[in-house]
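Colleague: Data file query17.pdb (PDB, C-alpha atoms, pLDDT in the B column) is appended below.
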```
MODEL        1
ATOM      1  CA  MET N   1       0.000   0.000   0.000  1.00 69.00           C
ATOM      2  CA  GLU N   2       2.626   2.581   1.005  1.00 86.00           C
ATOM      3  CA  LYS N   3       5.185   3.952  -1.425  1.00 87.00           C
ATOM      4  CA  VAL N   4       8.777   4.184  -0.219  1.00 89.00           C
ATOM      5  CA  TYR N   5      11.472   6.345  -1.799  1.00 85.00           C
ATOM      6  CA  ASP N   6      15.083   6.375  -0.628  1.00 86.00           C
ATOM      7  CA  TYR N   7      16.884   9.663  -1.289  1.00 82.00           C
ATOM      8  CA  GLU N   8      20.473   9.773  -0.025  1.00 79.00           C
ATOM      9  CA  ASP N   9      20.057  10.111   3.759  1.00 84.00           C
ATOM     10  CA  ILE N  10      16.286  10.591   3.870  1.00 91.00           C
ATOM     11  CA  LYS N  11      13.611   7.954   3.412  1.00 94.00           C
ATOM     12  CA  GLU N  12      10.261   9.260   2.129  1.00 93.00           C
ATOM     13  CA  ILE N  13       7.070   7.298   2.636  1.00 94.00           C
ATOM     14  CA  CYS N  14       3.591   8.048   1.301  1.00 93.00           C
ATOM     15  CA  ILE N  15       0.920   5.940   2.983  1.00 95.00           C
ATOM     16  CA  LEU N  16      -2.117   6.569   0.755  1.00 94.00           C
ATOM     17  CA  ASP N  17      -3.055   7.988  -2.637  1.00 88.00           C
ATOM     18  CA  TYR N  18      -5.256  11.073  -2.410  1.00 86.00           C
ATOM     19  CA  TYR N  19      -7.472  12.634  -5.037  1.00 81.00           C
ATOM     20  CA  PRO N  20      -8.404  16.224  -4.040  1.00 75.00           C
ATOM     21  CA  SER N  21     -12.074  17.160  -4.182  1.00 68.00           C
ATOM     22  CA  LYS N  22     -11.532  19.490  -7.134  1.00 67.00           C
ATOM     23  CA  LEU N  23     -10.599  16.450  -9.240  1.00 65.00           C
ATOM     24  CA  GLN N  24     -13.833  14.668  -8.473  1.00 62.00           C
ATOM     25  CA  GLY N  25     -15.654  16.576 -11.195  1.00 66.00           C
ATOM     26  CA  MET N  26     -12.831  16.057 -13.710  1.00 70.00           C
ATOM     27  CA  MET N  27     -12.329  12.313 -13.271  1.00 75.00           C
ATOM     28  CA  GLU N  28     -14.391   9.465 -11.945  1.00 81.00           C
ATOM     29  CA  LEU N  29     -13.124   8.207  -8.621  1.00 81.00           C
ATOM     30  CA  THR N  30     -13.600   4.681  -7.350  1.00 85.00           C
ATOM     31  CA  PRO N  31     -15.527   4.229  -4.098  1.00 89.00           C
ATOM     32  CA  GLU N  32     -12.209   3.420  -2.370  1.00 90.00           C
ATOM     33  CA  GLN N  33     -10.619   6.630  -3.673  1.00 87.00           C
ATOM     34  CA  MET N  34     -13.600   8.620  -2.417  1.00 87.00           C
ATOM     35  CA  VAL N  35     -13.307   7.019   1.044  1.00 92.00           C
ATOM     36  CA  VAL N  36      -9.595   7.841   1.188  1.00 91.00           C
ATOM     37  CA  SER N  37     -10.248  11.423   0.071  1.00 89.00           C
ATOM     38  CA  GLN N  38     -12.859  11.884   2.800  1.00 92.00           C
ATOM     39  CA  PHE N  39     -10.535  10.314   5.394  1.00 95.00           C
ATOM     40  CA  VAL N  40      -7.754  12.773   4.483  1.00 94.00           C
ATOM     41  CA  ILE N  41     -10.194  15.701   4.718  1.00 93.00           C
ATOM     42  CA  ASP N  42     -11.413  14.451   8.109  1.00 96.00           C
ATOM     43  CA  PHE N  43      -7.808  14.172   9.317  1.00 97.00           C
ATOM     44  CA  LYS N  44      -6.978  17.687   8.127  1.00 94.00           C
ATOM     45  CA  ASN N  45     -10.057  18.943   9.986  1.00 94.00           C
ATOM     46  CA  GLY N  46      -8.871  17.298  13.199  1.00 96.00           C
ATOM     47  CA  HIS N  47     -11.676  14.746  13.525  1.00 97.00           C
ATOM     48  CA  ARG N  48     -10.754  12.421  16.380  1.00 98.00           C
ATOM     49  CA  PRO N  49     -11.536   9.045  14.674  1.00 98.00           C
ATOM     50  CA  ALA N  50      -9.473  10.054  11.627  1.00 98.00           C
ATOM     51  CA  SER N  51      -6.617  11.216  13.887  1.00 98.00           C
ATOM     52  CA  ILE N  52      -6.608   7.911  15.772  1.00 98.00           C
ATOM     53  CA  LEU N  53      -6.658   5.814  12.596  1.00 98.00           C
ATOM     54  CA  ALA N  54      -3.991   7.983  10.926  1.00 98.00           C
ATOM     55  CA  ALA N  55      -1.786   7.662  14.028  1.00 98.00           C
ATOM     56  CA  LYS N  56      -2.053   3.859  13.917  1.00 98.00           C
ATOM     57  CA  MET N  57      -1.192   3.851  10.210  1.00 97.00           C
ATOM     58  CA  ALA N  58       1.748   6.242  10.605  1.00 97.00           C
ATOM     59  CA  ALA N  59       3.115   4.376  13.644  1.00 97.00           C
ATOM     60  CA  LYS N  60       2.968   1.056  11.788  1.00 97.00           C
ATOM     61  CA  ILE N  61       4.794   2.512   8.777  1.00 96.00           C
ATOM     62  CA  ILE N  62       7.426   4.254  10.926  1.00 97.00           C
ATOM     63  CA  GLY N  63       8.057   1.087  12.935  1.00 95.00           C
ATOM     64  CA  LYS N  64       8.389  -0.939   9.745  1.00 95.00           C
ATOM     65  CA  HIS N  65      10.760   1.377   7.852  1.00 94.00           C
ATOM     66  CA  PHE N  66      12.957   3.089  10.466  1.00 94.00           C
ATOM     67  CA  GLU N  67      15.415   1.755  13.025  1.00 90.00           C
ATOM     68  CA  LEU N  68      13.970   3.349  16.139  1.00 92.00           C
ATOM     69  CA  ASP N  69      16.026   1.481  18.727  1.00 88.00           C
ATOM     70  CA  LYS N  70      19.419   2.583  17.368  1.00 84.00           C
ATOM     71  CA  GLU N  71      19.354   6.155  18.679  1.00 90.00           C
ATOM     72  CA  PRO N  72      16.567   8.377  19.999  1.00 94.00           C
ATOM     73  CA  VAL N  73      14.184   9.740  17.371  1.00 97.00           C
ATOM     74  CA  VAL N  74      11.905  12.786  17.472  1.00 97.00           C
ATOM     75  CA  PHE N  75       8.613  12.889  15.555  1.00 98.00           C
ATOM     76  CA  ILE N  76       7.691  16.375  14.279  1.00 97.00           C
ATOM     77  CA  PRO N  77       4.689  17.184  12.066  1.00 97.00           C
ATOM     78  CA  VAL N  78       5.002  20.099   9.652  1.00 94.00           C
ATOM     79  CA  PRO N  79       2.801  22.856  11.126  1.00 92.00           C
ATOM     80  CA  ALA N  80      -0.428  23.698   9.333  1.00 89.00           C
ATOM     81  CA  SER N  81      -0.991  27.267   8.127  1.00 82.00           C
ATOM     82  CA  THR N  82      -2.406  28.451  11.471  1.00 84.00           C
ATOM     83  CA  ARG N  83      -1.598  27.624  15.093  1.00 86.00           C
ATOM     84  CA  GLU N  84      -5.219  26.624  15.623  1.00 89.00           C
ATOM     85  CA  ASP N  85      -5.165  24.188  12.683  1.00 90.00           C
ATOM     86  CA  THR N  86      -1.820  22.796  13.844  1.00 91.00           C
ATOM     87  CA  ALA N  87      -3.158  22.097  17.339  1.00 92.00           C
ATOM     88  CA  LYS N  88      -6.436  20.667  16.017  1.00 94.00           C
ATOM     89  CA  ARG N  89      -4.725  18.425  13.481  1.00 95.00           C
ATOM     90  CA  TYR N  90      -1.636  17.267  15.324  1.00 96.00           C
ATOM     91  CA  SER N  91      -1.982  17.367  19.140  1.00 96.00           C
ATOM     92  CA  LEU N  92      -3.647  13.975  19.566  1.00 97.00           C
ATOM     93  CA  PHE N  93      -2.141  12.486  16.411  1.00 98.00           C
ATOM     94  CA  SER N  94       1.475  13.325  17.291  1.00 98.00           C
ATOM     95  CA  TYR N  95       1.019  12.129  20.869  1.00 98.00           C
ATOM     96  CA  LEU N  96      -0.370   8.761  19.696  1.00 98.00           C
ATOM     97  CA  VAL N  97       2.316   8.195  17.057  1.00 98.00           C
ATOM     98  CA  SER N  98       5.034   8.992  19.587  1.00 97.00           C
ATOM     99  CA  GLN N  99       3.515   6.639  22.169  1.00 97.00           C
ATOM    100  CA  HIS N 100       3.120   3.770  19.679  1.00 97.00           C
ATOM    101  CA  CYS N 101       6.664   4.170  18.303  1.00 97.00           C
ATOM    102  CA  HIS N 102       8.390   5.024  21.608  1.00 96.00           C
ATOM    103  CA  VAL N 103       9.846   8.209  20.129  1.00 97.00           C
ATOM    104  CA  THR N 104       9.860  11.779  21.409  1.00 97.00           C
ATOM    105  CA  ASP N 105       6.870  13.922  20.488  1.00 97.00           C
ATOM    106  CA  GLY N 106       8.334  17.122  19.003  1.00 96.00           C
ATOM    107  CA  HIS N 107       4.971  18.574  17.965  1.00 94.00           C
ATOM    108  CA  ARG N 108       5.248  21.467  20.415  1.00 92.00           C
ATOM    109  CA  TRP N 109       8.874  22.241  19.527  1.00 93.00           C
ATOM    110  CA  VAL N 110       7.776  23.868  16.269  1.00 90.00           C
ATOM    111  CA  ASN N 111       5.044  26.324  15.433  1.00 84.00           C
ATOM    112  CA  ASN N 112       4.165  29.102  13.046  1.00 76.00           C
ATOM    113  CA  TRP N 113       6.030  32.327  13.592  1.00 66.00           C
ATOM    114  CA  ARG N 114       2.922  34.024  12.319  1.00 57.00           C
ATOM    115  CA  GLU N 115      -0.295  33.001  10.642  1.00 56.00           C
ATOM    116  CA  VAL N 116       0.094  32.225   6.934  1.00 53.00           C
ATOM    117  CA  GLU N 117      -2.520  32.857   4.286  1.00 53.00           C
ATOM    118  CA  LYS N 118      -2.703  30.183   1.613  1.00 53.00           C
ATOM    119  CA  LYS N 119      -2.719  31.498  -1.910  1.00 43.00           C
ATOM    120  CA  HIS N 120      -3.629  28.923  -4.530  1.00 40.00           C
ATOM    121  CA  LEU N 121      -2.038  29.974  -7.786  1.00 39.00           C
ATOM    122  CA  SER N 122      -2.884  27.237 -10.197  1.00 39.00           C
ATOM    123  CA  GLN N 123      -4.399  23.816 -10.611  1.00 43.00           C
ATOM    124  CA  ASN N 124      -1.351  22.229  -8.986  1.00 41.00           C
ATOM    125  CA  HIS N 125      -2.442  23.706  -5.626  1.00 40.00           C
ATOM    126  CA  LYS N 126       0.850  25.497  -5.062  1.00 41.00           C
ATOM    127  CA  ILE N 127       0.949  27.468  -1.823  1.00 43.00           C
ATOM    128  CA  VAL N 128       2.954  30.652  -1.652  1.00 43.00           C
ATOM    129  CA  ASP N 129       4.226  31.778   1.718  1.00 46.00           C
ATOM    130  CA  ASP N 130       7.333  32.797   3.634  1.00 51.00           C
ATOM    131  CA  LYS N 131       9.731  29.868   3.782  1.00 52.00           C
ATOM    132  CA  ASN N 132      11.015  31.068   7.155  1.00 59.00           C
ATOM    133  CA  ARG N 133       7.578  31.104   8.730  1.00 75.00           C
ATOM    134  CA  TRP N 134       8.287  28.542  11.444  1.00 83.00           C
ATOM    135  CA  PHE N 135       9.465  29.071  14.991  1.00 85.00           C
ATOM    136  CA  ILE N 136      11.678  26.118  15.930  1.00 89.00           C
ATOM    137  CA  ASP N 137      12.978  25.556  19.459  1.00 91.00           C
ATOM    138  CA  TYR N 138      16.665  25.366  18.574  1.00 89.00           C
ATOM    139  CA  SER N 139      17.656  24.033  22.001  1.00 92.00           C
ATOM    140  CA  LYS N 140      15.376  21.004  21.560  1.00 94.00           C
ATOM    141  CA  VAL N 141      16.056  20.069  17.913  1.00 94.00           C
ATOM    142  CA  LYS N 142      19.835  20.584  17.879  1.00 95.00           C
ATOM    143  CA  GLY N 143      21.420  17.162  17.427  1.00 95.00           C
ATOM    144  CA  ALA N 144      18.071  15.342  17.236  1.00 95.00           C
ATOM    145  CA  ARG N 145      17.336  12.574  14.716  1.00 96.00           C
ATOM    146  CA  VAL N 146      13.968  13.606  13.274  1.00 97.00           C
ATOM    147  CA  ILE N 147      11.166  12.031  11.285  1.00 98.00           C
ATOM    148  CA  ILE N 148       8.838  14.685   9.904  1.00 98.00           C
ATOM    149  CA  PHE N 149       5.214  14.157   8.977  1.00 97.00           C
ATOM    150  CA  ASP N 150       2.956  16.075   6.625  1.00 96.00           C
ATOM    151  CA  ASP N 151      -0.630  15.325   5.759  1.00 94.00           C
ATOM    152  CA  VAL N 152      -0.503  15.576   1.955  1.00 91.00           C
ATOM    153  CA  ALA N 153       2.412  15.685  -0.480  1.00 88.00           C
ATOM    154  CA  THR N 154       1.526  17.910  -3.406  1.00 83.00           C
ATOM    155  CA  THR N 155       4.860  19.186  -4.733  1.00 80.00           C
ATOM    156  CA  GLY N 156       7.093  18.369  -1.760  1.00 82.00           C
ATOM    157  CA  GLU N 157       8.241  21.985  -1.456  1.00 84.00           C
ATOM    158  CA  THR N 158       6.813  22.583   2.034  1.00 86.00           C
ATOM    159  CA  SER N 159       8.469  19.492   3.488  1.00 90.00           C
ATOM    160  CA  ALA N 160      11.765  20.341   1.754  1.00 90.00           C
ATOM    161  CA  ASP N 161      11.667  23.871   3.220  1.00 90.00           C
ATOM    162  CA  PHE N 162      10.801  22.486   6.656  1.00 92.00           C
ATOM    163  CA  ILE N 163      13.693  20.009   6.499  1.00 94.00           C
ATOM    164  CA  ARG N 164      16.081  22.816   5.546  1.00 92.00           C
ATOM    165  CA  ARG N 165      14.941  24.878   8.529  1.00 92.00           C
ATOM    166  CA  LEU N 166      15.303  21.928  10.928  1.00 95.00           C
ATOM    167  CA  GLU N 167      18.780  21.182   9.598  1.00 94.00           C
ATOM    168  CA  GLU N 168      19.764  24.842   9.959  1.00 92.00           C
ATOM    169  CA  CYS N 169      18.893  24.381  13.646  1.00 93.00           C
ATOM    170  CA  GLY N 170      21.159  21.336  13.892  1.00 95.00           C
ATOM    171  CA  ALA N 171      18.641  18.486  13.459  1.00 96.00           C
ATOM    172  CA  LYS N 172      19.380  15.386  11.363  1.00 96.00           C
ATOM    173  CA  VAL N 173      16.229  14.553   9.408  1.00 96.00           C
ATOM    174  CA  ILE N 174      16.181  10.822   8.655  1.00 96.00           C
ATOM    175  CA  GLY N 175      12.711  10.508   7.183  1.00 96.00           C
ATOM    176  CA  LYS N 176       9.540  12.124   6.004  1.00 96.00           C
ATOM    177  CA  VAL N 177       6.167  10.460   6.118  1.00 97.00           C
ATOM    178  CA  PHE N 178       3.056  11.687   4.318  1.00 96.00           C
ATOM    179  CA  LEU N 179      -0.416  10.460   5.136  1.00 96.00           C
ATOM    180  CA  ALA N 180      -1.127  10.735   1.417  1.00 93.00           C
ATOM    181  CA  ASN N 181       0.363  11.803  -1.851  1.00 88.00           C
ATOM    182  CA  SER N 182      -1.973  13.777  -4.023  1.00 83.00           C
ATOM    183  CA  TYR N 183      -2.699  13.234  -7.665  1.00 69.00           C
ATOM    184  CA  PHE N 184      -0.727  16.448  -8.276  1.00 64.00           C
ATOM    185  CA  TRP N 185       2.291  15.043  -6.387  1.00 53.00           C
ATOM    186  CA  LYS N 186       2.410  12.132  -8.822  1.00 55.00           C
ATOM    187  CA  VAL N 187       2.320  14.558 -11.768  1.00 53.00           C
ATOM    188  CA  HIS N 188       5.082  16.648 -10.118  1.00 51.00           C
ATOM    189  CA  GLN N 189       7.245  13.530  -9.536  1.00 52.00           C
ATOM    190  CA  LYS N 190       6.916  12.522 -13.181  1.00 50.00           C
ATOM    191  CA  GLU N 191       7.906  16.037 -14.283  1.00 55.00           C
ATOM    192  CA  LYS N 192      10.973  15.896 -11.993  1.00 55.00           C
ATOM    193  CA  GLU N 193      11.967  12.561 -13.516  1.00 57.00           C
ATOM    194  CA  GLY N 194      11.368  13.824 -17.079  1.00 59.00           C
ATOM    195  CA  GLN N 195       8.451  11.463 -17.730  1.00 57.00           C
ATOM    196  CA  PRO N 196       5.391  12.484 -19.768  1.00 56.00           C
TER     197      PRO N 196
ENDMDL
END
```
Write out the structure in this file as structure tokens.

Modeller:
Amino acid sequence: MEKVYDYEDIKEICILDYYPSKLQGMMELTPEQMVVSQFVIDFKNGHRPASILAAKMAAKIIGKHFELDKEPVVFIPVPASTREDTAKRYSLFSYLVSQHCHVTDGHRWVNNWREVEKKHLSQNHKIVDDKNRWFIDYSKVKGARVIIFDDVATTGETSADFIRRLEECGAKVIGKVFLANSYFWKVHQKEKEGQP
């Protein structure tokens, strides 16, 4: 089910395939794809059952693909665009993943420096914002081995920016896990690889 990509020192894992709601009028989705799409939306909205299920899925994937007993690991979700959305989406989820995997919950070590307004520029759902928008507790992340989590991979730019910021603070990011990769992420990956 999951897709695993090994890039140099970072392993990237996408758990599910996600078809955004705006595609539902352009292409016919299977009942399974519609269920997954609704699950991702419920997770993003902080619905407790979706958070619990997503935490179980993420913990299983992390336990399967990362050596967690070698050295301590910190689990840090990429903050949502507002502090409120970050708390709603990740407080319970991050706690559960950390408990299941026996890793440190770094959810509260990172937050938005300021609220960020999403600006959708085109059909590929690109978000424009300040790449230095996050406040990161340097004293906590310095020297930490980190697995980051983001809800949906669209282009991968947000997670790449977040990794850069963590590494500037002295963290060693060993993995990134996405609940889902979007249809647009697949198109973006093919473009990066020079495929039609």

Colleague: For the PyMOL selection byres ((chain N and resi 65) around 12), applied here, can you spell out every residue it catches as a list of chain:residue names?

Modeller: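 So the PyMOL selection byres ((chain N and resi 65) around 12), applied here, picks out N:Glu2, N:Lys3, N:Val4, N:Tyr5, N:Asp6, N:Ile10, N:Lys11, N:Glu12, N:Ile13, N:Cys14, N:Ile15, N:Ala58, N:Ala59, N:Lys60, N:Ile61, N:Ile62, N:Gly63, N:Lys64, N:Phe66, N:Glu67, N:Leu68, N:Cys101, N:Ile147, N:Ile174, N:Gly175, N:Lys176, N:Val177.
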
Colleague: I'd like to see the residues matched by the PyMOL selection byres ((chain N and resi 37-41) around 7) on this file, and ideally I'd get them as number ranges by chain.

Modeller: N: 18-20, 33-36, 42-45, 50

Colleague: Identify the residues around (-3.5, 12.5, 3.8) within a radius of 7 Å, measuring from all atoms listed in the file in the coordinates stated by the file, and give them as number ranges by chain.

Modeller: N: 16, 18, 40, 151-152, 178-181

Colleague: Which is closer to Arg165 in chain N than all the others in N:Val73, N:Val78, N:Ala87, N:Leu96, using only C-alpha atoms?

Modeller: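 Distance minimum relative to Arg165 in chain N lands on N:Val78.
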
Colleague: Quick one, how far is CA of Arg89 in chain N from CA of Glu71 in chain N?

Modeller: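 One can read the CA of Arg89 in chain N to CA of Glu71 in chain N distance as 27.5 Å.
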
Colleague: Using all atoms listed in the file, find the one residue out of N:Ala55, N:Cys169, N:Ile76, N:Met27 that sits nearest to Phe149 in chain N.

Modeller: N:Ile76

Colleague: Can you work out which one of N:Val103, N:Ala153, N:Ala160, N:Val110 has the shortest atom-to-atom distance to Ser139 in chain N, counting all atoms listed in the file?

Modeller: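 Closest to Ser139 in chain N, using all atoms listed in the file: N:Val110.
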
Colleague: Taking the file as I've supplied it (selection: the PyMOL selection byres ((chain N and resi 74) around 9)), which residues are included? Please answer as a list in words.

Modeller: Pro72, Val73, Phe75, Ile76, Ser98, Val103, Thr104, Asp105, Gly106, Val141, Ala144, Arg145, Val146, Ile147 and Ile148 of chain N

Colleague: Rounded to one decimal, what separation in Å do you get between CA of Ser91 in chain N and CA of Gly46 in chain N?

Modeller: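 So the two atoms, CA of Ser91 in chain N and CA of Gly46 in chain N, lie 9.1 Å apart.
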
Colleague: At what distance in Å, to one decimal, does CA of Gln99 in chain N lie from CA of Asp85 in chain N?

Modeller: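 Separating CA of Asp85 in chain N from CA of Gln99 in chain N is a distance of 21.8 Å.
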
Colleague: Rank N:Lys142, N:Arg83, N:Lys56, N:His47 by their smallest atom-to-atom distance to Leu166 in chain N, using all atoms listed in the file, and report the top residue only.

Modeller: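 So, comparing all the options, the nearest one is N:Lys142.
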
Colleague: Choose the residue, out of N:Val97, N:Leu92, N:Ile52, N:Ala80, that has the smallest atom-to-atom separation from Arg133 in chain N; count all atoms listed in the file.

Modeller: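 Comparing N:Val97, N:Leu92, N:Ile52, N:Ala80 against Arg133 in chain N, the winner is N:Ala80.
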